[in-house]
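A.B. asks: I have a structure here, written as structure tokens, and I will follow up with some questions on it.
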2 protein chains.
Amino acid sequence: MTVLILTSEEDVTADMVVAELHGMGTPVLRLDPADLPGKAVLSADYAHGDFDGHLSVNGHVLSMSGLRSVWVRRPGEPAAHAAHPSPWLTAETRQALYGMLHSANARWMNHPRNADQARLKPWQLRVAHLSGFAVPPTVFTTAPRLAREFTEEHRDVVVKSASGPPPDDPSLALPTTLIGPDADFSAVGAGPALLQRYVHKSADIRLTCVGTRLFAARKTAEPGQVDGRYGDTGHTWQPVPVPDRIGKSVHEYVTLAGLAYAAFDFAEDEDGIWWFLECNQGGQFGFVELETGQPIAQTVALWLAQRRADRRGG
Amino acid sequence: MTVLILTSEEDVTADMVVAELHGMGTPVLRLDPADLPGKAVLSADYAHGDFDGHLSVNGHVLSMSGLRSVWVRRPGEPAAHAAHPSPWLTAETRQALYGMLHSANARWMNHPRNADQARLKPWQLRVAHLSGFAVPPTVFTTAPRLAREFTEEHRDVVVKSASGPPPDDPSLALPTTLIGPDADFSAVGAGPALLQRYVHKSADIRLTCVGTRLFAARKTAEPGQVDGRYGDTGHTWQPVPVPDRIGKSVHEYVTLAGLAYAAFDFAEDEDGIWWFLECNQGGQFGFVELETGQPIAQTVALWLAQRRADRRGG
């Protein structure tokens with residue numbers, strides 16, 4: 001039984017997991033959907049009430065009946081590397097590839113159906129509430145008056161992007177920024193704003209969930225530091241135990257969201273409370289593993305290689 | 001309790017359902033996501049473990065706690081009509097709007113999570129098999145040799161598009177076309193081909209499923225007619241009863257796929273067998289209602305107005 005990894009060619013994190021799978025003797029096929037058609041060949045047969053499909057990459061052939069699991073890492077756009085790429089060729093290739101993979105009886109990390117929903121930030125906050133996490137008061141609004149009222153009520157407020165960097169300019173940084181009630185809110189009418197009560201944090205927490213295994217890491221914050229992703233504080237990620245209450249909420253969250261893998265970000269305040277900031281279903285883990293030594297790549301590999309026992313996200 | 005309809009301004013089918021809802025005294029809000037932000041204002045609050053949101057269109061305000069159901073008809077791209085549209089503004093507006101709607105406790109026709117998966121043609125064939133439908137042998141392939149072998153085996157074979165017309169030129173028609181084993185298959189290597197055994201059909205069947213209600217219609221085919229969508233045969237759609245076996249398979253299919261609405265296309269052969277061709281989760285029904293008098297718009301309106309009893313697709 002083979003593990004299929006959908007990712008682009010340069011992906012150090014995938015390399016870590018591939019090395020673990022090789023060590024375990026589990027067959028792996030790695031495919032960038034951008035290389036289909038071309039480097040990769042696909043064929044899916046629907047006949048006589050049955051189904052079988054094959055995927056061949058550089059001479060390695062994977063049968064859908066021998067597919068154990070699919071890891072959706074950083075897949076390229078289908079047919080992006082084709083000799084004559086076009087939106088239609090991409091749409092047709094997506095249909096053929098993902099239609100075949102959805103037809104197989106494989107486990108997914110994460111299933112695209114659940115991954116798409118899990119990317120919606122406002123929905124994340126709702127699920128976090130339902131799962132029992134502490135969530136800082138947040139508003140998404142296109143009404144300048146409501147944005148001002150929210151900021152007046154909560155005083156220290158951050159504004160951030162819900163969707164991340166612009167799709168047409170991914171290199172543009174949009175750091176989370178502290179604002180006050182005297183800010184100019186007129187532009188809110190032109191595009192939705194995400195405003196959140198600022199958590200006076202003593203540390204950033206990254207919690208990685210792989211199936212039922214949890215790995216938490218903590219990095220001390222500089223006083224007044226707003227966005228932990230930018231600026232070097234000299235502090236490093238240290239492994240920390242997962243409080244029971246948090247562990248229960250994490251399991252509740254990934255069950256509601258149907259996720260096999262999730263990277264949670266929390267802000268730890270001065271009272272030690274972990275405030276839910278977001279849950280990234282495709283979050284990186286290489287940097288945490290590097291600094292903490294937590295065996296995340298190995299745990300991902302084990303989950304992918306496992307038989308269908310833990311059905312979560314499968 | 002209000003019904004929200006996501007669709008563009010010009011949508012005669014939506015007009016039919018709106019008229020039915022008005023007749024039933026059910027409040028309706030109609031929104032084209034392209035008009036947000038601008039004509040529409042949105043605000044979603046996540047505070048104190050709770051959630052509430054508001055959507056206001058032309059002075060009509062809808063609270064998320066008063067949202068009964070969402071009908072995803074033909075929604076425009078979020079922020080497409082903005083003064084300064086951009087991929088980033090679209091991504092942020094999609095987050096705000098769909099994130100808020102996913103957070104609400106509403107019924108969906110159809111839930112985006114299930115709709116996306118239901119669009120995958122190869123997966124449709126697999127689910128059709130599992131639901132007990134007769135499905136013509138089909139192959140999706142990028143291997144010219146396999147395409148030729150399939151055609152040699154089945155002789156009368158049609159080639160069609162899996163994804164529909166090109167996204168960048170939606171007016172381009174790609175009719176289903178009959179081919180033989182002497183066709184030139186070399187281009188299959190450049191883009192996946194969908195080949196299917198041709199059904200010698202006596203009629204086209206359109207079956208519309210709304211919740212648990214089924215409406216079947218039949219249109220006699222001209223001998224040798226391949227694609228029922230093109231060319232006028234002089235025949236019209238006539239209501240026909242739904243065979244028991246088909247009814248059971250339809251319910252199985254929409255349950256597996258999590259759909260509240262689905263339009264099935266079948267080819268009826270000379271023995272009266274209905275061969276599954278596809279299931280369009282967003283298929284039109286106006287033309288069938290017009291010719292058959294089947295009350296589909298009314299049934300859609302009733303489903304949308306209903307309390308949470310039938311949970312399917314909700």
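Going through the structure tokens in order, the chains are called A, B, and so on, while each chain numbers its residues from 1 and the ligands are numbered from 1 in the order shown.
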Chain A residues within 6 Å of chain B, counting only C-alpha atoms: which ones, as a PyMOL selection string?
C.D. replies: chain A and resi 41-47+49+88+91-92+95+99-100+103+113+120+122-123+126+129+137-142+162-163+166
A.B. asks: With N, CA and C atoms retained, could you export that selection as a compact mmCIF listing (two decimals), in the first residue's frame?
C.D. replies:
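Printed below is selection_37.txt as written:
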# COMPACT_ATOMS: atom_id res chain seq x y z
N VAL A 41 1.28 10.41 -15.94
CA VAL A 41 0.22 9.88 -16.78
C VAL A 41 -0.87 9.33 -15.86
N LEU A 42 -2.12 9.57 -16.25
CA LEU A 42 -3.24 9.16 -15.41
C LEU A 42 -4.26 8.39 -16.24
N SER A 43 -4.91 7.40 -15.61
CA SER A 43 -5.99 6.70 -16.28
C SER A 43 -6.94 6.15 -15.24
N ALA A 44 -8.22 6.47 -15.39
CA ALA A 44 -9.22 5.98 -14.45
C ALA A 44 -10.34 5.33 -15.23
N ASP A 45 -10.67 4.10 -14.85
CA ASP A 45 -11.65 3.26 -15.54
C ASP A 45 -12.89 3.08 -14.69
N TYR A 46 -14.04 3.38 -15.24
CA TYR A 46 -15.30 3.13 -14.54
C TYR A 46 -16.10 2.18 -15.41
N ALA A 47 -16.09 0.91 -15.03
CA ALA A 47 -16.79 -0.07 -15.86
C ALA A 47 -17.32 -1.20 -15.01
N GLY A 49 -19.67 -1.59 -12.91
CA GLY A 49 -19.96 -1.34 -11.50
C GLY A 49 -18.72 -1.20 -10.64
N TRP A 88 -8.77 26.10 -19.14
CA TRP A 88 -9.59 24.92 -19.44
C TRP A 88 -8.82 23.64 -19.20
N ALA A 91 -8.75 23.02 -15.59
CA ALA A 91 -10.05 22.54 -15.09
C ALA A 91 -10.24 21.06 -15.44
N GLU A 92 -9.89 20.68 -16.67
CA GLU A 92 -10.06 19.28 -17.10
C GLU A 92 -9.12 18.36 -16.31
N GLN A 95 -10.35 17.87 -12.77
CA GLN A 95 -11.44 16.90 -12.77
C GLN A 95 -10.89 15.46 -12.80
N GLY A 99 -10.96 13.88 -9.26
CA GLY A 99 -12.10 12.99 -9.38
C GLY A 99 -11.69 11.55 -9.15
N MET A 100 -10.53 11.16 -9.67
CA MET A 100 -10.04 9.79 -9.49
C MET A 100 -9.65 9.56 -8.02
N SER A 103 -12.46 9.12 -5.72
CA SER A 103 -13.15 7.85 -5.93
C SER A 103 -12.48 6.71 -5.17
N ARG A 113 -12.45 18.53 0.74
CA ARG A 113 -13.78 18.96 1.14
C ARG A 113 -13.73 19.69 2.49
N LEU A 120 -11.75 29.03 6.18
CA LEU A 120 -12.56 30.23 6.43
C LEU A 120 -12.34 30.73 7.86
N PRO A 122 -13.59 33.29 9.74
CA PRO A 122 -14.71 33.54 10.65
C PRO A 122 -15.29 32.21 11.16
N TRP A 123 -15.36 31.22 10.30
CA TRP A 123 -15.87 29.90 10.68
C TRP A 123 -14.94 29.26 11.71
N ARG A 126 -15.88 30.47 15.08
CA ARG A 126 -17.12 29.87 15.54
C ARG A 126 -16.85 28.45 16.08
N HIS A 129 -15.06 28.61 19.38
CA HIS A 129 -16.03 28.85 20.46
C HIS A 129 -16.72 27.55 20.86
N PRO A 137 -12.49 38.65 21.44
CA PRO A 137 -13.58 39.25 20.68
C PRO A 137 -13.07 39.75 19.32
N THR A 138 -13.84 39.46 18.28
CA THR A 138 -13.41 39.73 16.91
C THR A 138 -14.61 40.22 16.10
N VAL A 139 -14.35 41.12 15.17
CA VAL A 139 -15.41 41.52 14.24
C VAL A 139 -14.85 41.53 12.82
N PHE A 140 -15.69 41.05 11.89
CA PHE A 140 -15.43 41.20 10.46
C PHE A 140 -16.50 42.16 9.97
N THR A 141 -16.10 43.26 9.38
CA THR A 141 -17.14 44.22 8.99
C THR A 141 -16.76 45.06 7.79
N THR A 142 -17.79 45.51 7.06
CA THR A 142 -17.59 46.49 6.01
C THR A 142 -18.25 47.82 6.41
N ALA A 162 -7.66 38.44 6.59
CA ALA A 162 -8.31 37.13 6.78
C ALA A 162 -7.76 36.11 5.80
N SER A 163 -7.42 36.54 4.60
CA SER A 163 -7.07 35.59 3.54
C SER A 163 -5.56 35.45 3.34
N PRO A 166 -1.88 38.97 -0.82
CA PRO A 166 -2.62 39.01 -2.08
C PRO A 166 -2.21 37.86 -3.00
A.B. asks: Work out how far apart atom CA of Asp265 of chain B and atom CA of Leu214 of chain B are and give it in Å to one decimal.
C.D. replies: 13.0 Å
A.B. asks: Using only C-alpha atoms, which of the listed residues (A:Thr177, A:Thr2, A:Thr236, A:Gln294) sits closest to Thr208 of chain A?
C.D. replies: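 Of the candidates, the smallest distance to Thr208 of chain A is held by A:Gln294.
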A.B. asks: Can you tell me, as a ChimeraX atom specification, what residues are no more than 7 Å from segment 237-241 of chain B when counting only C-alpha atoms, ignoring any on the same chain fewer than 2 positions away?
C.D. replies: /B:216-219,243,288,291-292
A.B. asks: For the structure I just gave you, how does DSSP split segment 31-265 of chain A - specifically, which residues are strand (DSSP E or B)? Reply as a PyMOL selection string.
C.D. replies: chain A and resi 31+40-47+50-57+60-63+67-72+107-109+134+138-141+157-160+177-179+193-197+201-210+213-220+238-240+261-265
A.B. asks: Quick one: pull the distance between atom CA of Ala221 of chain B and atom CA of Glu270 of chain B, Å, one decimal.
C.D. replies: 11.0 Å
A.B. asks: Using atom CA of Pro27 of chain B and atom CA of Val3 of chain B as the two end points, give the distance in Å to one decimal.
C.D. replies: 6.3 Å
A.B. asks: So, counting only C-alpha atoms, which residue among A:Ala106, A:Ala34, A:Ala262, A:Leu178 is closest to Val157 of chain A?
C.D. replies: A:Leu178
A.B. asks: Please determine, counting only C-alpha atoms, which residue among B:Arg68, B:His22, B:His111, B:Arg206 has the shortest atom-to-atom distance to Glu278 of chain B.
C.D. replies: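 Of B:Arg68, B:His22, B:His111, B:Arg206, the one nearest Glu278 of chain B is B:Arg206, counting only C-alpha atoms.
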A.B. asks: Among segment 50-240 of chain A, which residues carry a DSSP assignment of alpha helix (DSSP H), reported as a PDB file with N, CA and C atoms, in the first residue's frame?
C.D. replies:
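Written file, out37.pdb:
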ATOM      1  N   PRO A  87      -6.658  27.866 -18.687  1.00  0.00           N
ATOM      2  CA  PRO A  87      -7.621  27.630 -17.602  1.00  0.00           C
ATOM      3  C   PRO A  87      -8.464  26.374 -17.857  1.00  0.00           C
ATOM      4  N   TRP A  88      -8.772  26.096 -19.140  1.00  0.00           N
ATOM      5  CA  TRP A  88      -9.594  24.922 -19.445  1.00  0.00           C
ATOM      6  C   TRP A  88      -8.816  23.636 -19.199  1.00  0.00           C
ATOM      7  N   LEU A  89      -7.530  23.611 -19.619  1.00  0.00           N
ATOM      8  CA  LEU A  89      -6.704  22.427 -19.401  1.00  0.00           C
ATOM      9  C   LEU A  89      -6.545  22.172 -17.900  1.00  0.00           C
ATOM     10  N   THR A  90      -6.393  23.242 -17.130  1.00  0.00           N
ATOM     11  CA  THR A  90      -6.315  23.107 -15.676  1.00  0.00           C
ATOM     12  C   THR A  90      -7.608  22.528 -15.118  1.00  0.00           C
ATOM     13  N   ALA A  91      -8.750  23.025 -15.590  1.00  0.00           N
ATOM     14  CA  ALA A  91     -10.048  22.538 -15.094  1.00  0.00           C
ATOM     15  C   ALA A  91     -10.243  21.065 -15.445  1.00  0.00           C
ATOM     16  N   GLU A  92      -9.894  20.676 -16.673  1.00  0.00           N
ATOM     17  CA  GLU A  92     -10.060  19.276 -17.095  1.00  0.00           C
ATOM     18  C   GLU A  92      -9.123  18.357 -16.306  1.00  0.00           C
ATOM     19  N   THR A  93      -7.897  18.817 -16.090  1.00  0.00           N
ATOM     20  CA  THR A  93      -6.919  17.989 -15.386  1.00  0.00           C
ATOM     21  C   THR A  93      -7.290  17.858 -13.910  1.00  0.00           C
ATOM     22  N   ARG A  94      -7.812  18.944 -13.328  1.00  0.00           N
ATOM     23  CA  ARG A  94      -8.289  18.877 -11.937  1.00  0.00           C
ATOM     24  C   ARG A  94      -9.393  17.839 -11.813  1.00  0.00           C
ATOM     25  N   GLN A  95     -10.346  17.870 -12.769  1.00  0.00           N
ATOM     26  CA  GLN A  95     -11.441  16.896 -12.774  1.00  0.00           C
ATOM     27  C   GLN A  95     -10.894  15.464 -12.801  1.00  0.00           C
ATOM     28  N   ALA A  96      -9.954  15.217 -13.720  1.00  0.00           N
ATOM     29  CA  ALA A  96      -9.452  13.852 -13.901  1.00  0.00           C
ATOM     30  C   ALA A  96      -8.687  13.394 -12.657  1.00  0.00           C
ATOM     31  N   LEU A  97      -7.776  14.242 -12.152  1.00  0.00           N
ATOM     32  CA  LEU A  97      -6.928  13.838 -11.024  1.00  0.00           C
ATOM     33  C   LEU A  97      -7.722  13.730  -9.717  1.00  0.00           C
ATOM     34  N   TYR A  98      -8.368  14.841  -9.323  1.00  0.00           N
ATOM     35  CA  TYR A  98      -9.048  14.821  -8.025  1.00  0.00           C
ATOM     36  C   TYR A  98     -10.303  13.947  -8.071  1.00  0.00           C
ATOM     37  N   GLY A  99     -10.958  13.884  -9.256  1.00  0.00           N
ATOM     38  CA  GLY A  99     -12.104  12.992  -9.381  1.00  0.00           C
ATOM     39  C   GLY A  99     -11.694  11.548  -9.146  1.00  0.00           C
ATOM     40  N   MET A 100     -10.530  11.157  -9.673  1.00  0.00           N
ATOM     41  CA  MET A 100     -10.039   9.795  -9.486  1.00  0.00           C
ATOM     42  C   MET A 100      -9.646   9.563  -8.024  1.00  0.00           C
ATOM     43  N   LEU A 101      -8.944  10.520  -7.438  1.00  0.00           N
ATOM     44  CA  LEU A 101      -8.484  10.340  -6.053  1.00  0.00           C
ATOM     45  C   LEU A 101      -9.667  10.304  -5.069  1.00  0.00           C
ATOM     46  N   HIS A 102     -10.684  11.143  -5.320  1.00  0.00           N
ATOM     47  CA  HIS A 102     -11.868  11.111  -4.447  1.00  0.00           C
ATOM     48  C   HIS A 102     -12.610   9.776  -4.568  1.00  0.00           C
ATOM     49  N   SER A 103     -12.464   9.123  -5.725  1.00  0.00           N
ATOM     50  CA  SER A 103     -13.152   7.845  -5.926  1.00  0.00           C
ATOM     51  C   SER A 103     -12.477   6.709  -5.174  1.00  0.00           C
ATOM     52  N   PRO A 112      -9.868  17.411   0.791  1.00  0.00           N
ATOM     53  CA  PRO A 112     -10.092  18.756   0.213  1.00  0.00           C
ATOM     54  C   PRO A 112     -11.428  19.371   0.617  1.00  0.00           C
ATOM     55  N   ARG A 113     -12.446  18.526   0.740  1.00  0.00           N
ATOM     56  CA  ARG A 113     -13.782  18.961   1.137  1.00  0.00           C
ATOM     57  C   ARG A 113     -13.728  19.685   2.495  1.00  0.00           C
ATOM     58  N   ASN A 114     -12.999  19.104   3.423  1.00  0.00           N
ATOM     59  CA  ASN A 114     -12.906  19.703   4.753  1.00  0.00           C
ATOM     60  C   ASN A 114     -11.869  20.823   4.789  1.00  0.00           C
ATOM     61  N   ALA A 115     -10.825  20.685   3.980  1.00  0.00           N
ATOM     62  CA  ALA A 115      -9.755  21.684   3.977  1.00  0.00           C
ATOM     63  C   ALA A 115     -10.290  23.047   3.533  1.00  0.00           C
ATOM     64  N   ASP A 116     -11.128  23.041   2.492  1.00  0.00           N
ATOM     65  CA  ASP A 116     -11.633  24.315   1.980  1.00  0.00           C
ATOM     66  C   ASP A 116     -12.439  25.055   3.043  1.00  0.00           C
ATOM     67  N   GLN A 117     -13.313  24.322   3.712  1.00  0.00           N
ATOM     68  CA  GLN A 117     -14.117  24.965   4.756  1.00  0.00           C
ATOM     69  C   GLN A 117     -13.224  25.435   5.903  1.00  0.00           C
ATOM     70  N   ALA A 118     -12.225  24.633   6.240  1.00  0.00           N
ATOM     71  CA  ALA A 118     -11.364  24.944   7.387  1.00  0.00           C
ATOM     72  C   ALA A 118     -10.541  26.209   7.169  1.00  0.00           C
ATOM     73  N   LYS A 121     -11.658  31.865   8.004  1.00  0.00           N
ATOM     74  CA  LYS A 121     -11.313  32.397   9.327  1.00  0.00           C
ATOM     75  C   LYS A 121     -12.531  32.639  10.223  1.00  0.00           C
ATOM     76  N   PRO A 122     -13.593  33.294   9.737  1.00  0.00           N
ATOM     77  CA  PRO A 122     -14.715  33.535  10.652  1.00  0.00           C
ATOM     78  C   PRO A 122     -15.294  32.210  11.162  1.00  0.00           C
ATOM     79  N   TRP A 123     -15.362  31.221  10.300  1.00  0.00           N
ATOM     80  CA  TRP A 123     -15.868  29.904  10.684  1.00  0.00           C
ATOM     81  C   TRP A 123     -14.937  29.263  11.711  1.00  0.00           C
ATOM     82  N   GLN A 124     -13.624  29.468  11.573  1.00  0.00           N
ATOM     83  CA  GLN A 124     -12.663  28.949  12.559  1.00  0.00           C
ATOM     84  C   GLN A 124     -13.003  29.457  13.962  1.00  0.00           C
ATOM     85  N   LEU A 125     -13.325  30.770  14.046  1.00  0.00           N
ATOM     86  CA  LEU A 125     -13.621  31.347  15.359  1.00  0.00           C
ATOM     87  C   LEU A 125     -14.876  30.723  15.953  1.00  0.00           C
ATOM     88  N   ARG A 126     -15.875  30.473  15.081  1.00  0.00           N
ATOM     89  CA  ARG A 126     -17.121  29.865  15.543  1.00  0.00           C
ATOM     90  C   ARG A 126     -16.853  28.454  16.077  1.00  0.00           C
ATOM     91  N   VAL A 127     -16.085  27.675  15.320  1.00  0.00           N
ATOM     92  CA  VAL A 127     -15.780  26.303  15.736  1.00  0.00           C
ATOM     93  C   VAL A 127     -14.920  26.315  17.002  1.00  0.00           C
ATOM     94  N   ALA A 128     -14.024  27.311  17.105  1.00  0.00           N
ATOM     95  CA  ALA A 128     -13.197  27.435  18.309  1.00  0.00           C
ATOM     96  C   ALA A 128     -14.072  27.714  19.534  1.00  0.00           C
ATOM     97  N   HIS A 129     -15.058  28.612  19.377  1.00  0.00           N
ATOM     98  CA  HIS A 129     -16.027  28.850  20.461  1.00  0.00           C
ATOM     99  C   HIS A 129     -16.720  27.548  20.860  1.00  0.00           C
ATOM    100  N   LEU A 130     -17.240  26.843  19.846  1.00  0.00           N
ATOM    101  CA  LEU A 130     -18.002  25.617  20.105  1.00  0.00           C
ATOM    102  C   LEU A 130     -17.127  24.544  20.745  1.00  0.00           C
ATOM    103  N   PRO A 144     -17.841  51.130   8.535  1.00  0.00           N
ATOM    104  CA  PRO A 144     -16.859  51.942   9.279  1.00  0.00           C
ATOM    105  C   PRO A 144     -17.332  52.271  10.705  1.00  0.00           C
ATOM    106  N   ARG A 145     -18.627  52.534  10.891  1.00  0.00           N
ATOM    107  CA  ARG A 145     -19.139  52.894  12.213  1.00  0.00           C
ATOM    108  C   ARG A 145     -18.952  51.736  13.197  1.00  0.00           C
ATOM    109  N   LEU A 146     -19.252  50.508  12.747  1.00  0.00           N
ATOM    110  CA  LEU A 146     -19.119  49.348  13.636  1.00  0.00           C
ATOM    111  C   LEU A 146     -17.654  49.068  13.948  1.00  0.00           C
ATOM    112  N   ALA A 147     -16.768  49.308  12.987  1.00  0.00           N
ATOM    113  CA  ALA A 147     -15.333  49.123  13.222  1.00  0.00           C
ATOM    114  C   ALA A 147     -14.864  50.100  14.303  1.00  0.00           C
ATOM    115  N   ARG A 148     -15.343  51.360  14.228  1.00  0.00           N
ATOM    116  CA  ARG A 148     -14.941  52.360  15.233  1.00  0.00           C
ATOM    117  C   ARG A 148     -15.502  51.987  16.600  1.00  0.00           C
ATOM    118  N   GLU A 149     -16.785  51.582  16.645  1.00  0.00           N
ATOM    119  CA  GLU A 149     -17.403  51.216  17.923  1.00  0.00           C
ATOM    120  C   GLU A 149     -16.676  50.037  18.577  1.00  0.00           C
ATOM    121  N   PHE A 150     -16.292  49.055  17.771  1.00  0.00           N
ATOM    122  CA  PHE A 150     -15.571  47.894  18.295  1.00  0.00           C
ATOM    123  C   PHE A 150     -14.244  48.345  18.906  1.00  0.00           C
ATOM    124  N   THR A 151     -13.556  49.251  18.233  1.00  0.00           N
ATOM    125  CA  THR A 151     -12.252  49.716  18.702  1.00  0.00           C
ATOM    126  C   THR A 151     -12.398  50.571  19.961  1.00  0.00           C
ATOM    127  N   GLU A 152     -13.475  51.363  20.018  1.00  0.00           N
ATOM    128  CA  GLU A 152     -13.718  52.158  21.233  1.00  0.00           C
ATOM    129  C   GLU A 152     -13.995  51.252  22.423  1.00  0.00           C
ATOM    130  N   GLU A 153     -14.740  50.160  22.186  1.00  0.00           N
ATOM    131  CA  GLU A 153     -15.093  49.251  23.281  1.00  0.00           C
ATOM    132  C   GLU A 153     -13.859  48.504  23.790  1.00  0.00           C
ATOM    133  N   HIS A 154     -13.005  48.036  22.866  1.00  0.00           N
ATOM    134  CA  HIS A 154     -11.916  47.140  23.274  1.00  0.00           C
ATOM    135  C   HIS A 154     -10.563  47.834  23.380  1.00  0.00           C
TER     136      HIS A 154
END
